[in-house]
Every structure is written in structure tokens, then in C-alpha cells.
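Source file: input.cif (mmCIF, C-alpha atoms)
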data_data
#
loop_
_atom_site.label_atom_id
_atom_site.label_comp_id
_atom_site.auth_asym_id
_atom_site.auth_seq_id
_atom_site.Cartn_x
_atom_site.Cartn_y
_atom_site.Cartn_z
CA MET A 1 3.87 8.02 -15.44
CA ASP A 2 4.58 11.74 -15.12
CA ASP A 3 1.21 12.75 -16.44
CA HIS A 4 -0.76 10.18 -14.49
CA ALA A 5 -4.17 11.54 -13.48
CA LEU A 6 -3.49 10.28 -10.00
CA LYS A 7 -0.36 12.40 -9.65
CA GLN A 8 -2.47 15.44 -10.47
CA GLU A 9 -5.00 14.45 -7.82
CA ILE A 10 -2.27 14.12 -5.21
CA ALA A 11 -0.80 17.49 -6.20
CA LYS A 12 -4.28 19.00 -5.89
CA ALA A 13 -4.69 17.55 -2.38
CA ASP A 14 -1.25 18.83 -1.32
CA LYS A 15 -2.06 22.30 -2.63
CA ALA A 16 -5.37 22.32 -0.75
CA ILE A 17 -3.61 21.25 2.49
CA ASN A 18 -1.02 23.99 2.07
CA GLU A 19 -3.73 26.58 1.41
CA ARG A 20 -5.84 25.25 4.30
CA ASP A 21 -8.77 24.67 1.98
CA PHE A 22 -10.17 21.76 3.97
CA ASP A 23 -13.35 21.33 1.93
CA THR A 24 -11.20 20.55 -1.09
CA VAL A 25 -8.96 18.33 1.04
CA ALA A 26 -11.99 16.33 2.21
CA SER A 27 -13.27 15.97 -1.36
CA CYS A 28 -10.09 14.07 -2.27
CA TYR A 29 -11.05 11.11 -0.04
CA THR A 30 -13.55 8.28 -0.36
CA GLU A 31 -16.55 8.32 2.00
CA ASP A 32 -15.01 5.67 4.28
CA ALA A 33 -11.34 6.54 3.82
CA ILE A 34 -8.73 6.06 6.53
CA LEU A 35 -6.08 8.61 7.48
CA VAL A 36 -3.12 7.65 9.64
CA VAL A 37 -2.76 10.77 11.78
CA LYS A 38 0.25 9.24 13.51
CA PRO A 39 1.32 5.68 14.36
CA GLY A 40 -1.43 4.23 16.54
CA LYS A 41 -3.95 6.92 15.66
CA LEU A 42 -6.31 6.45 12.72
CA VAL A 43 -9.39 8.39 11.74
CA GLN A 44 -12.01 7.12 9.33
CA GLY A 45 -14.59 8.91 7.21
CA ARG A 46 -14.45 12.05 5.09
CA GLU A 47 -15.76 14.37 7.83
CA ALA A 48 -13.44 13.01 10.52
CA ILE A 49 -10.51 13.31 8.10
CA LYS A 50 -11.39 16.93 7.39
CA VAL A 51 -11.33 17.73 11.11
CA ALA A 52 -8.07 15.80 11.54
CA HIS A 53 -6.41 17.80 8.74
CA GLN A 54 -7.53 21.04 10.42
CA LYS A 55 -5.97 19.86 13.70
CA ILE A 56 -2.76 18.77 11.96
CA SER A 57 -2.55 22.19 10.33
CA GLU A 58 -2.99 23.87 13.71
CA TYR A 59 -0.35 21.60 15.27
CA PHE A 60 2.08 22.92 12.66
CA ASN A 61 0.99 26.50 13.39
CA ASP A 62 -0.69 26.74 9.98
CA SER A 63 2.71 26.71 8.31
CA LEU A 64 2.48 23.26 6.77
CA ASN A 65 3.96 22.80 3.31
CA VAL A 66 3.56 19.25 2.01
CA SER A 67 4.85 17.95 -1.31
CA GLN A 68 5.81 14.71 -3.00
CA GLY A 69 9.06 13.69 -4.63
CA ASP A 70 9.76 10.39 -6.40
CA MET A 71 6.64 8.34 -6.84
CA VAL A 72 5.79 4.81 -7.99
CA ILE A 73 2.20 4.04 -9.01
CA LEU A 74 0.92 0.49 -9.40
CA GLU A 75 -2.52 0.51 -11.00
CA ALA A 76 -4.78 -2.56 -11.00
CA GLY A 77 -8.15 -1.72 -12.50
CA ASP A 78 -9.93 0.73 -10.21
CA ILE A 79 -7.34 0.45 -7.42
CA ALA A 80 -3.90 2.02 -7.28
CA LEU A 81 -1.06 1.71 -4.82
CA VAL A 82 1.11 4.81 -4.57
CA LEU A 83 4.57 4.75 -3.02
CA SER A 84 5.78 8.28 -2.58
CA LYS A 85 8.61 10.24 -1.07
CA ALA A 86 6.66 12.79 0.97
CA TYR A 87 8.10 16.02 2.32
CA ILE A 88 6.44 17.72 5.28
CA GLU A 89 7.89 21.17 5.93
CA SER A 90 6.69 23.51 8.64
CA PRO A 91 8.81 26.63 9.07
CA GLY A 92 6.42 27.80 11.80
CA LYS A 93 6.89 24.62 13.86
CA LEU A 94 10.52 23.58 13.97
CA ASP A 95 10.25 21.37 17.06
CA SER A 96 7.86 18.78 15.63
CA GLU A 97 8.48 15.24 16.82
CA PHE A 98 7.52 13.88 13.40
CA SER A 99 9.85 13.18 10.53
CA SER A 100 9.75 15.71 7.71
CA GLU A 101 10.71 13.18 5.04
CA ARG A 102 8.72 9.99 4.74
CA ASP A 103 8.22 6.98 2.49
CA ALA A 104 4.46 7.32 2.26
CA ILE A 105 1.95 4.70 1.11
CA TYR A 106 -1.40 5.74 -0.35
CA VAL A 107 -4.19 3.61 -1.79
CA TYR A 108 -6.49 5.23 -4.34
CA LYS A 109 -9.80 4.06 -5.75
CA LYS A 110 -11.35 5.16 -9.01
CA SER A 111 -14.95 6.21 -8.53
CA ALA A 112 -17.76 5.35 -10.95
CA ASP A 113 -17.24 8.71 -12.71
CA GLY A 114 -13.55 8.02 -13.24
CA LYS A 115 -12.16 10.28 -10.50
CA TRP A 116 -9.37 8.94 -8.28
CA LEU A 117 -10.11 9.27 -4.55
CA CYS A 118 -7.83 8.46 -1.64
CA ALA A 119 -9.04 5.42 0.34
CA ILE A 120 -6.00 5.00 2.61
CA ASP A 121 -3.62 7.82 3.48
CA ASN A 122 -0.61 6.49 5.36
CA SER A 123 2.28 8.95 5.23
CA TYR A 124 4.11 6.83 7.83
CA GLY A 125 4.34 3.94 5.37
CA ILE A 126 5.97 0.75 6.55
CA GLU A 127 6.89 2.41 9.86
CA LEU A 128 3.54 1.13 11.22
CA LEU A 129 4.95 -2.41 11.08
CA ARG A 130 7.49 -1.39 13.71
CA THR A 131 5.03 0.45 15.91
CA GLY A 132 2.30 -2.18 15.66
CA GLY A 133 -0.25 -0.14 13.71
CA MET B 1 -6.75 -8.36 14.30
CA ASP B 2 -5.50 -11.91 14.75
CA ASP B 3 -8.68 -13.43 13.43
CA HIS B 4 -9.06 -11.05 10.51
CA ALA B 5 -10.58 -12.83 7.50
CA LEU B 6 -7.86 -11.25 5.38
CA LYS B 7 -5.10 -12.87 7.43
CA GLN B 8 -6.71 -16.22 6.75
CA GLU B 9 -6.81 -15.47 3.01
CA ILE B 10 -3.12 -14.58 3.02
CA ALA B 11 -2.28 -17.74 4.95
CA LYS B 12 -4.29 -19.74 2.41
CA ALA B 13 -2.37 -18.17 -0.48
CA ASP B 14 0.98 -18.85 1.20
CA LYS B 15 0.00 -22.47 1.79
CA ALA B 16 -1.03 -22.86 -1.85
CA ILE B 17 2.30 -21.36 -3.02
CA ASN B 18 4.25 -23.70 -0.77
CA GLU B 19 2.25 -26.70 -2.01
CA ARG B 20 2.57 -25.53 -5.64
CA ASP B 21 -1.20 -25.53 -6.03
CA PHE B 22 -1.22 -22.73 -8.61
CA ASP B 23 -4.95 -22.89 -9.36
CA THR B 24 -5.64 -21.99 -5.75
CA VAL B 25 -2.91 -19.34 -5.87
CA ALA B 26 -4.54 -17.73 -8.92
CA SER B 27 -7.96 -17.79 -7.25
CA CYS B 28 -6.63 -15.50 -4.51
CA TYR B 29 -6.20 -12.59 -6.96
CA THR B 30 -8.61 -10.17 -8.64
CA GLU B 31 -9.08 -10.51 -12.39
CA ASP B 32 -6.80 -7.52 -13.13
CA ALA B 33 -4.40 -7.87 -10.20
CA ILE B 34 -0.75 -6.86 -10.38
CA LEU B 35 2.15 -8.94 -9.08
CA VAL B 36 5.60 -7.42 -8.64
CA VAL B 37 7.79 -10.33 -9.75
CA LYS B 38 10.89 -8.29 -9.00
CA PRO B 39 11.71 -4.56 -9.08
CA GLY B 40 11.07 -3.38 -12.63
CA LYS B 41 9.07 -6.47 -13.59
CA LEU B 42 5.31 -6.53 -13.13
CA VAL B 43 2.73 -8.97 -14.45
CA GLN B 44 -0.98 -8.22 -14.62
CA GLY B 45 -4.00 -10.50 -14.77
CA ARG B 46 -4.90 -13.71 -12.96
CA GLU B 47 -3.60 -16.04 -15.68
CA ALA B 48 -0.29 -14.19 -16.09
CA ILE B 49 0.14 -14.18 -12.30
CA LYS B 50 -0.44 -17.93 -12.18
CA VAL B 51 2.29 -18.50 -14.77
CA ALA B 52 4.61 -16.08 -12.94
CA HIS B 53 4.14 -17.99 -9.67
CA GLN B 54 4.98 -21.24 -11.46
CA LYS B 55 8.19 -19.68 -12.80
CA ILE B 56 9.09 -18.21 -9.40
CA SER B 57 8.61 -21.66 -7.87
CA GLU B 58 10.88 -23.19 -10.52
CA TYR B 59 13.50 -20.48 -9.94
CA PHE B 60 13.58 -21.58 -6.30
CA ASN B 61 13.86 -25.24 -7.37
CA ASP B 62 10.34 -25.92 -6.08
CA SER B 63 11.59 -25.49 -2.51
CA LEU B 64 9.86 -22.20 -1.76
CA ASN B 65 8.43 -21.74 1.72
CA VAL B 66 6.74 -18.37 2.17
CA SER B 67 5.17 -17.09 5.36
CA GLN B 68 4.20 -13.84 7.05
CA GLY B 69 5.22 -12.44 10.41
CA ASP B 70 3.99 -9.20 11.96
CA MET B 71 1.17 -7.66 10.00
CA VAL B 72 -0.73 -4.36 10.04
CA ILE B 73 -4.09 -4.20 8.24
CA LEU B 74 -5.78 -0.89 7.41
CA GLU B 75 -9.32 -1.52 6.18
CA ALA B 76 -11.37 1.18 4.44
CA GLY B 77 -14.66 -0.26 3.24
CA ASP B 78 -13.97 -2.79 0.50
CA ILE B 79 -10.26 -1.96 0.27
CA ALA B 80 -7.50 -2.98 2.64
CA LEU B 81 -3.82 -2.12 2.83
CA VAL B 82 -1.69 -4.85 4.34
CA LEU B 83 1.83 -4.19 5.61
CA SER B 84 3.51 -7.48 6.34
CA LYS B 85 6.85 -8.90 7.34
CA ALA B 86 7.26 -11.59 4.67
CA TYR B 87 9.68 -14.50 4.90
CA ILE B 88 10.80 -16.25 1.74
CA GLU B 89 12.78 -19.40 2.46
CA SER B 90 14.16 -21.74 -0.19
CA PRO B 91 16.41 -24.49 1.18
CA GLY B 92 16.80 -25.83 -2.37
CA LYS B 93 18.08 -22.48 -3.70
CA LEU B 94 20.57 -20.92 -1.34
CA ASP B 95 22.19 -18.60 -3.88
CA SER B 96 19.14 -16.47 -4.66
CA GLU B 97 19.87 -12.81 -5.29
CA PHE B 98 16.62 -11.81 -3.57
CA SER B 99 16.19 -10.95 0.07
CA SER B 100 14.53 -13.63 2.16
CA GLU B 101 13.00 -11.15 4.58
CA ARG B 102 10.92 -8.30 3.23
CA ASP B 103 8.56 -5.54 4.31
CA ALA B 104 5.78 -6.43 1.89
CA ILE B 105 2.84 -4.28 0.83
CA TYR B 106 -0.39 -5.88 -0.37
CA VAL B 107 -3.66 -4.27 -1.41
CA TYR B 108 -6.82 -6.36 -1.07
CA LYS B 109 -10.30 -5.78 -2.40
CA LYS B 110 -13.48 -7.29 -1.07
CA SER B 111 -15.55 -8.84 -3.85
CA ALA B 112 -19.35 -8.56 -4.08
CA ASP B 113 -19.70 -11.90 -2.27
CA GLY B 114 -17.55 -10.70 0.63
CA LYS B 115 -14.35 -12.56 -0.26
CA TRP B 116 -11.03 -10.69 0.00
CA LEU B 117 -8.92 -10.90 -3.18
CA CYS B 118 -5.42 -9.59 -3.73
CA ALA B 119 -5.35 -6.65 -6.17
CA ILE B 120 -1.70 -5.64 -5.75
CA ASP B 121 1.01 -8.04 -4.55
CA ASN B 122 4.24 -6.17 -3.89
CA SER B 123 6.55 -8.18 -1.67
CA TYR B 124 9.34 -5.67 -2.38
CA GLY B 125 7.36 -2.94 -0.62
CA ILE B 126 8.87 0.52 -0.53
CA GLU B 127 12.06 -0.77 -2.19
CA LEU B 128 10.44 0.07 -5.54
CA LEU B 129 10.82 3.76 -4.67
CA ARG B 130 14.57 3.28 -4.75
CA THR B 131 14.64 1.21 -7.93
CA GLY B 132 12.15 3.41 -9.78
CA GLY B 133 9.29 0.91 -9.96
#
Since I need it in another form, could you write the structure as C-alpha cells?
Amino acid sequence: MDDHALKQEIAKADKAINERDFDTVASCYTEDAILVVKPGKLVQGREAIKVAHQKISEYFNDSLNVSQGDMVILEAGDIALVLSKAYIESPGKLDSEFSSERDAIYVYKKSADGKWLCAIDNSYGIELLRTGG
Amino acid sequence: MDDHALKQEIAKADKAINERDFDTVASCYTEDAILVVKPGKLVQGREAIKVAHQKISEYFNDSLNVSQGDMVILEAGDIALVLSKAYIESPGKLDSEFSSERDAIYVYKKSADGKWLCAIDNSYGIELLRTGG
């Protein structure tokens, strides 16, 4: 699935995060999407997610460099589950308490015009089961 | 989220699997749902999933007893990501090569009439990242 349209969408979102282009970042999510900011802290809605990404970027001293490695995509009609090895580098913030390599879980939804949008962005993956949400 | 409607749907599906009521099992899935039978083997579509569940039940000598433990549900509009500790017991098949305790990942979709249906059933969770799908 190397050329999967969804992979391109995820690469586009990563690029926008790294370039701090938060309008583009926000446009990658559904209207009522959920972002797991950290275990126990969720934000919902495109606008709230945009603000959260700005804050995350600031937390990492605007040095964030996110990318994905191995990826598995399970597509069922207009819904897709993405399992992805996510890398979060931040040369300007070396003392972060958060892991820089994660088994992320994303859920994407295909909109009426055929574009994949992120509905659930959980870079902490299954870790939430251990922290209770 | 103890009383989440989705939890009740999952409990209903587990009960139907344990009672080998495969019509009810099939009715818990979307039309184009995906079931991960085992790493590397997917089936798609309600009918194919019904047949797969029958075969899985036979593999376990009709002694399958599935249940869920801790669960985290992230709901974004009509889509929900479920992270669940899944227990697969089979007293009649003690030599199974598959793990009896798993960190499962399910994706549910709310239908037009408000009923939650399973779109992606991946009891192997993030393990697929290590096996390549």
C-alpha cells in the first residue's frame, strides 16, 4: 500500500506540522475529530485541534519534526484504521517527558468528495489502555 | 463510560460468539467491515465475516469464550475507536498458537438509525505493525 492516498494525506499533515502551517494541519481533520494531546487529555473539533497543535509546537520550542515509519492500513469502505510507527523528534526540546517513538493509531474517514480526513488522532496508541484513557 | 451504548454492543457480539449465534454476530458488523482473522489474513464483508467466525469457532472446538476487560472508547461523531483488553478462552482447545489475552483495536461506526456497528475488528491490535499487516 505504498501509494495509498491515505499515506500521502498523513505525509501532508506531518509536513504541515513541521512547517507550523496550522491552517493546513487543521484542514486534515474532520469537523468533530478528536486529538489525544497526551494520555488523559483529549481535544475535540477542528478549531480546538488547531490551537492544540500550536501549543504542542510551542512546548517543543517550535523544533518539532514528526514522521511515520512502518504503517499498516485497514480500509473498510469510507473508514480506515492506520497503525503507524510515529517518530517525534525535537532537537530544540531534549528534556521532553514524552516518548519520541510511538505505535500510533489513527482513524480516517473518507469525505463525500473522496478526501481522507483524520477523525481520531491517537499517537499514544494502546498506551491509553494502561493509563485509563 | 461504563454505560456506553457501544460497550453493550460489544458485549452482545461476544455473547453471540460464545453461543455460536452467527446470524447475530454478523448483524454486529457494517456491510463492508473487515475482520483480522489472524496477522496477514483479513476477510471483508458481513457474509465472509460470518463464515470466518464459524471457522474460528470450529478451530477452537466450539469452546470459545471471548470477553473484554478494560476498555477505552474515543468517540468522534459517528466514528469510535475502541481499545480493549480482550480475553479469548477455549477450554476445549488448549494448544492454540494464538494468544489468549490481547490488546484489541476496534473501529465502530454509528448507522443512520443510531446503532453502532463494527467496521474494523482487529483483536491483534498493534501486533500487525510487527507482522506487516
Gly125 in chain B surroundings by only C-alpha atoms, 9 Å radius, close-in-sequence under 3 positions cut, as a PyMOL selection string: (chain A and resi 83+126) or (chain B and resi 83+102-106+122+128-129)
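Distance check against chain A using all atoms listed in the file: of B:Ile17, B:Val72, B:Leu94, B:Ala86, the minimum falls on B:Val72.
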Distance of CA of Thr24 in chain A from CA of Ile56 in chain A, expressed in Å to one decimal place: 15.6 Å
Counting only C-alpha atoms, chain A residues within 12 Å of chain B, as a PyMOL selection string: chain A and resi 1+29-36+39-46+69-86+102-110+118-122+124-133
Neighbour list for Pro91 in chain A as a PyMOL selection string, cut-off 12 Å, all atoms listed in the file, skip fewer than 3 positions in-chain: chain A and resi 60-66+88+94-96+100
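Interatomic distance, CA of Leu117 in chain B to CA of Ala5 in chain B: 11.0 Å.
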